[in-house]
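See below for start.tsv, which holds TSV, C-alpha atoms.
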chain	number	residue	atom	x	y	z
A	11	MET	CA	-4.28	5.91	18.77
A	12	VAL	CA	-1.35	4.76	16.66
A	13	LEU	CA	1.15	6.94	14.82
A	14	ASP	CA	3.80	5.76	12.41
A	15	TYR	CA	5.32	6.79	9.11
A	16	ASP	CA	5.14	5.78	5.50
A	17	HIS	CA	8.86	6.07	4.79
A	18	GLU	CA	8.25	5.47	1.09
A	19	GLN	CA	6.32	8.74	0.76
A	20	ILE	CA	9.05	11.14	1.93
A	21	GLU	CA	9.53	14.22	-0.23
A	22	TRP	CA	12.53	16.52	-0.24
A	23	THR	CA	12.54	19.99	-1.73
A	24	PRO	CA	15.09	20.66	-2.98
A	25	ALA	CA	16.40	17.18	-3.70
A	26	PRO	CA	19.09	16.07	-1.25
A	27	PRO	CA	22.67	15.39	-2.30
A	28	PRO	CA	23.22	11.95	-3.86
A	29	SER	CA	24.98	10.75	-0.70
A	30	VAL	CA	21.89	11.47	1.41
A	31	ARG	CA	19.64	9.73	-1.12
A	32	ARG	CA	21.95	6.67	-1.12
A	33	PHE	CA	21.87	6.62	2.68
A	34	TYR	CA	18.07	6.82	2.75
A	35	ASP	CA	17.64	4.15	0.08
A	36	THR	CA	20.04	1.89	2.00
A	37	PHE	CA	18.10	2.61	5.19
A	38	LEU	CA	14.83	1.53	3.53
A	39	ARG	CA	16.42	-1.64	2.09
A	40	TRP	CA	17.91	-2.51	5.49
A	41	ARG	CA	14.51	-2.06	7.16
A	42	ALA	CA	12.78	-4.20	4.51
A	43	ASP	CA	15.46	-6.89	4.79
A	44	VAL	CA	14.79	-7.26	8.53
A	45	GLY	CA	11.03	-7.43	7.95
A	46	ILE	CA	10.01	-3.85	8.68
A	47	ASP	CA	7.18	-2.49	6.54
A	48	ASN	CA	8.41	0.90	5.29
A	49	ALA	CA	4.84	1.87	4.38
A	50	ILE	CA	3.17	0.60	7.56
A	51	ALA	CA	1.20	3.81	8.10
A	52	SER	CA	-0.50	3.33	4.72
A	53	HIS	CA	-1.53	-0.20	5.74
A	54	PHE	CA	-2.95	0.54	9.19
A	55	GLY	CA	-6.56	0.81	8.08
A	56	SER	CA	-6.74	-2.60	6.44
A	57	LEU	CA	-4.63	-4.22	9.18
A	58	PHE	CA	-6.85	-2.88	11.96
A	59	GLU	CA	-10.06	-3.80	10.19
A	60	ALA	CA	-8.74	-7.29	9.42
A	61	SER	CA	-8.05	-7.74	13.13
A	62	GLY	CA	-11.70	-6.98	13.94
A	63	LEU	CA	-11.43	-3.36	15.04
A	64	GLN	CA	-14.42	-1.24	14.16
A	65	ASP	CA	-14.85	2.47	13.49
A	66	VAL	CA	-11.23	2.82	12.33
A	67	ARG	CA	-10.39	6.42	11.45
A	68	LEU	CA	-7.24	7.41	9.63
A	69	THR	CA	-5.86	10.93	9.73
A	70	ARG	CA	-2.78	11.94	7.78
A	71	GLN	CA	-0.23	13.73	9.91
A	72	HIS	CA	2.32	15.40	7.67
A	73	GLU	CA	5.61	16.41	9.22
A	74	ARG	CA	7.59	19.21	7.69
A	75	ALA	CA	11.03	20.57	8.46
A	76	ASP	CA	12.07	23.81	6.77
A	77	HIS	CA	15.67	24.99	6.98
A	78	GLY	CA	15.91	28.19	8.96
A	79	GLN	CA	12.61	27.62	10.78
A	80	PRO	CA	12.34	26.98	14.54
A	81	GLY	CA	12.74	23.30	15.38
A	82	PHE	CA	14.54	22.41	12.13
A	83	ASP	CA	17.71	21.17	13.82
A	84	GLN	CA	15.76	18.98	16.25
A	85	ARG	CA	13.72	17.47	13.43
A	86	ILE	CA	16.69	16.57	11.26
A	87	ASP	CA	18.85	15.38	14.17
A	88	VAL	CA	16.88	12.13	14.08
A	89	TRP	CA	18.82	11.17	10.93
A	90	ALA	CA	22.17	11.73	12.62
A	91	GLU	CA	20.94	9.40	15.37
A	92	VAL	CA	19.82	6.79	12.81
A	93	ALA	CA	23.23	6.93	11.11
A	94	ALA	CA	25.03	6.66	14.44
A	95	THR	CA	22.95	3.79	15.83
A	96	ARG	CA	22.07	1.81	12.70
A	97	GLY	CA	24.85	2.67	10.26
A	98	ARG	CA	27.03	-0.32	11.15
A	99	GLN	CA	24.08	-2.70	10.83
A	100	MET	CA	23.20	-1.23	7.46
A	101	VAL	CA	26.75	-1.71	6.17
Whole structure given in structure tokens:
Amino acid sequence: MVLDYDHEQIEWTPAPPPSVRRFYDTFLRWRADVGIDNAIASHFGSLFEASGLQDVRLTRQHERADHGQPGFDQRIDVWAEVAATRGRQMV
């Protein structure tokens, strides 16, 4: 089993502030510049089949974080960690 994200498919409702959008767009550009496929999860099927794997099954696993719901803070804390650990590299 393999799990990863398609970072190009993220949806925010409501839209985030412009500063958050700029950060996320910069994050995606930084990842692409170092050779990371931001849409890797969408490419798994063809990659696995091209490598000779058989009976490949893909299942979408949507993750949702709603403000005010249990677990929200833990789910969004990942972005504080990304900013803290990767922010200097992105600049």
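CA of Val92 (chain A) sits 11.9 Å away from CA of Thr36 (chain A).
Take CA of Ala93 (chain A) and CA of Leu13 (chain A): the distance between them is 22.4 Å.
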Compute the distance from (5.7, 13.9, 14.6) to each atom, counting all atoms listed in the file, keep the residues with any atom at most 12 Å away, and return them as a PDB file with C-alpha atoms, in the frame of the given file; use the coordinates of the file.
ATOM      1  CA  VAL A  12      -1.350   4.760  16.660  1.00  0.00           C
ATOM      2  CA  LEU A  13       1.150   6.940  14.820  1.00  0.00           C
ATOM      3  CA  ASP A  14       3.800   5.760  12.410  1.00  0.00           C
ATOM      4  CA  TYR A  15       5.320   6.790   9.110  1.00  0.00           C
ATOM      5  CA  ARG A  70      -2.780  11.940   7.780  1.00  0.00           C
ATOM      6  CA  GLN A  71      -0.230  13.730   9.910  1.00  0.00           C
ATOM      7  CA  HIS A  72       2.320  15.400   7.670  1.00  0.00           C
ATOM      8  CA  GLU A  73       5.610  16.410   9.220  1.00  0.00           C
ATOM      9  CA  ARG A  74       7.590  19.210   7.690  1.00  0.00           C
ATOM     10  CA  ALA A  75      11.030  20.570   8.460  1.00  0.00           C
ATOM     11  CA  GLY A  81      12.740  23.300  15.380  1.00  0.00           C
ATOM     12  CA  GLN A  84      15.760  18.980  16.250  1.00  0.00           C
ATOM     13  CA  ARG A  85      13.720  17.470  13.430  1.00  0.00           C
ATOM     14  CA  ILE A  86      16.690  16.570  11.260  1.00  0.00           C
ATOM     15  CA  VAL A  88      16.880  12.130  14.080  1.00  0.00           C
TER      16      VAL A  88
END
Exercise for the section: Fewer than 5 positions away in the same chain doesn't count, so skip those; otherwise give me all residues within 10 Å of Arg96 (chain A), counting only C-alpha atoms, as a PyMOL selection string. Expected result: chain A and resi 37+40+90-91+101
Saved selection, atoms kept: C-alpha atoms, as a PDB file, keeping the file's coordinate frame:
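To be explicit, this is the file written out as again_7.pdb:
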ATOM      1  CA  PHE A  37      18.100   2.610   5.190  1.00  0.00           C
ATOM      2  CA  TRP A  40      17.910  -2.510   5.490  1.00  0.00           C
ATOM      3  CA  ALA A  90      22.170  11.730  12.620  1.00  0.00           C
ATOM      4  CA  GLU A  91      20.940   9.400  15.370  1.00  0.00           C
ATOM      5  CA  VAL A 101      26.750  -1.710   6.170  1.00  0.00           C
TER       6      VAL A 101
END
Problem - Protein, DNA and RNA residues within 12 Å of (-3.6, 3.2, 4.0), all atoms listed in the file, as a PyMOL selection string - result: chain A and resi 14-16+19+49-59+66-70
Exercise for the section: Figure out the distance between CA of Glu21 (chain A) and CA of Gln99 (chain A), please, to one decimal in Å. Expected result: 24.9 Å
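Compared by their closest atoms to Phe33 (chain A), and using only C-alpha atoms, the residues A:Gln64, A:Asp87, A:His17, A:Met100 rank with A:Met100 nearest.
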Would you fill the gaps in region 77-88 of chain A so it has all heavy atoms, then print it as an mmCIF file, in the coordinates of the input?
data_model
loop_
_atom_site.group_PDB
_atom_site.id
_atom_site.type_symbol
_atom_site.label_atom_id
_atom_site.label_comp_id
_atom_site.auth_asym_id
_atom_site.auth_seq_id
_atom_site.Cartn_x
_atom_site.Cartn_y
_atom_site.Cartn_z
ATOM 1 N N HIS A 77 14.394 24.408 6.545
ATOM 2 C CA HIS A 77 15.670 24.990 6.980
ATOM 3 C C HIS A 77 15.460 26.451 7.370
ATOM 4 O O HIS A 77 14.782 27.198 6.683
ATOM 5 C CB HIS A 77 16.698 24.882 5.849
ATOM 6 C CG HIS A 77 18.057 25.287 6.290
ATOM 7 N ND1 HIS A 77 18.558 26.539 6.066
ATOM 8 C CD2 HIS A 77 18.999 24.604 6.964
ATOM 9 C CE1 HIS A 77 19.765 26.616 6.584
ATOM 10 N NE2 HIS A 77 20.064 25.447 7.129
ATOM 11 N N GLY A 78 16.014 26.812 8.487
ATOM 12 C CA GLY A 78 15.910 28.190 8.960
ATOM 13 C C GLY A 78 14.703 28.433 9.857
ATOM 14 O O GLY A 78 14.588 29.498 10.459
ATOM 15 N N GLN A 79 13.803 27.466 9.948
ATOM 16 C CA GLN A 79 12.610 27.620 10.780
ATOM 17 C C GLN A 79 12.877 27.034 12.165
ATOM 18 O O GLN A 79 13.686 26.125 12.318
ATOM 19 C CB GLN A 79 11.410 26.939 10.132
ATOM 20 C CG GLN A 79 10.991 27.569 8.832
ATOM 21 C CD GLN A 79 10.554 29.015 9.001
ATOM 22 O OE1 GLN A 79 9.784 29.351 9.887
ATOM 23 N NE2 GLN A 79 11.090 29.889 8.164
ATOM 24 N N PRO A 80 12.171 27.537 13.184
ATOM 25 C CA PRO A 80 12.340 26.980 14.540
ATOM 26 C C PRO A 80 12.067 25.478 14.542
ATOM 27 O O PRO A 80 11.139 24.996 13.894
ATOM 28 C CB PRO A 80 11.271 27.724 15.352
ATOM 29 C CG PRO A 80 11.007 28.988 14.601
ATOM 30 C CD PRO A 80 11.199 28.633 13.142
ATOM 31 N N GLY A 81 12.911 24.741 15.249
ATOM 32 C CA GLY A 81 12.740 23.300 15.380
ATOM 33 C C GLY A 81 13.393 22.481 14.280
ATOM 34 O O GLY A 81 13.398 21.250 14.341
ATOM 35 N N PHE A 82 13.947 23.140 13.252
ATOM 36 C CA PHE A 82 14.540 22.410 12.130
ATOM 37 C C PHE A 82 15.650 21.466 12.597
ATOM 38 O O PHE A 82 15.660 20.292 12.236
ATOM 39 C CB PHE A 82 15.074 23.372 11.077
ATOM 40 C CG PHE A 82 15.780 22.691 9.932
ATOM 41 C CD1 PHE A 82 15.043 22.096 8.927
ATOM 42 C CD2 PHE A 82 17.166 22.641 9.870
ATOM 43 C CE1 PHE A 82 15.674 21.450 7.866
ATOM 44 C CE2 PHE A 82 17.803 22.017 8.820
ATOM 45 C CZ PHE A 82 17.053 21.416 7.815
ATOM 46 N N ASP A 83 16.582 21.997 13.378
ATOM 47 C CA ASP A 83 17.710 21.170 13.820
ATOM 48 C C ASP A 83 17.240 19.949 14.603
ATOM 49 O O ASP A 83 17.757 18.852 14.408
ATOM 50 C CB ASP A 83 18.687 21.987 14.669
ATOM 51 C CG ASP A 83 19.442 23.013 13.839
ATOM 52 O OD1 ASP A 83 19.529 22.847 12.598
ATOM 53 O OD2 ASP A 83 19.947 23.984 14.430
ATOM 54 N N GLN A 84 16.264 20.111 15.468
ATOM 55 C CA GLN A 84 15.760 18.980 16.250
ATOM 56 C C GLN A 84 15.092 17.948 15.338
ATOM 57 O O GLN A 84 15.212 16.753 15.567
ATOM 58 C CB GLN A 84 14.756 19.446 17.317
ATOM 59 C CG GLN A 84 15.372 20.259 18.424
ATOM 60 C CD GLN A 84 15.584 21.730 18.054
ATOM 61 O OE1 GLN A 84 15.124 22.201 17.031
ATOM 62 N NE2 GLN A 84 16.322 22.441 18.898
ATOM 63 N N ARG A 85 14.402 18.402 14.321
ATOM 64 C CA ARG A 85 13.720 17.470 13.430
ATOM 65 C C ARG A 85 14.691 16.672 12.567
ATOM 66 O O ARG A 85 14.467 15.495 12.298
ATOM 67 C CB ARG A 85 12.721 18.214 12.551
ATOM 68 C CG ARG A 85 11.511 18.647 13.325
ATOM 69 C CD ARG A 85 10.430 19.120 12.391
ATOM 70 N NE ARG A 85 9.216 19.320 13.147
ATOM 71 C CZ ARG A 85 8.412 20.353 12.983
ATOM 72 N NH1 ARG A 85 8.697 21.272 12.086
ATOM 73 N NH2 ARG A 85 7.314 20.456 13.703
ATOM 74 N N ILE A 86 15.767 17.305 12.122
ATOM 75 C CA ILE A 86 16.690 16.570 11.260
ATOM 76 C C ILE A 86 17.727 15.792 12.068
ATOM 77 O O ILE A 86 18.364 14.892 11.524
ATOM 78 C CB ILE A 86 17.376 17.475 10.216
ATOM 79 C CG1 ILE A 86 18.234 18.537 10.895
ATOM 80 C CG2 ILE A 86 16.349 18.092 9.292
ATOM 81 C CD1 ILE A 86 19.214 19.202 9.949
ATOM 82 N N ASP A 87 17.892 16.117 13.339
ATOM 83 C CA ASP A 87 18.850 15.380 14.170
ATOM 84 C C ASP A 87 18.515 13.900 14.261
ATOM 85 O O ASP A 87 19.388 13.078 14.536
ATOM 86 C CB ASP A 87 18.929 15.976 15.578
ATOM 87 C CG ASP A 87 19.840 17.191 15.640
ATOM 88 O OD1 ASP A 87 20.557 17.454 14.648
ATOM 89 O OD2 ASP A 87 19.834 17.880 16.679
ATOM 90 N N VAL A 88 17.271 13.537 14.031
ATOM 91 C CA VAL A 88 16.880 12.130 14.080
ATOM 92 C C VAL A 88 17.705 11.319 13.082
ATOM 93 O O VAL A 88 18.059 10.175 13.336
ATOM 94 C CB VAL A 88 15.366 11.939 13.853
ATOM 95 C CG1 VAL A 88 14.968 12.282 12.432
ATOM 96 C CG2 VAL A 88 14.951 10.521 14.185
#
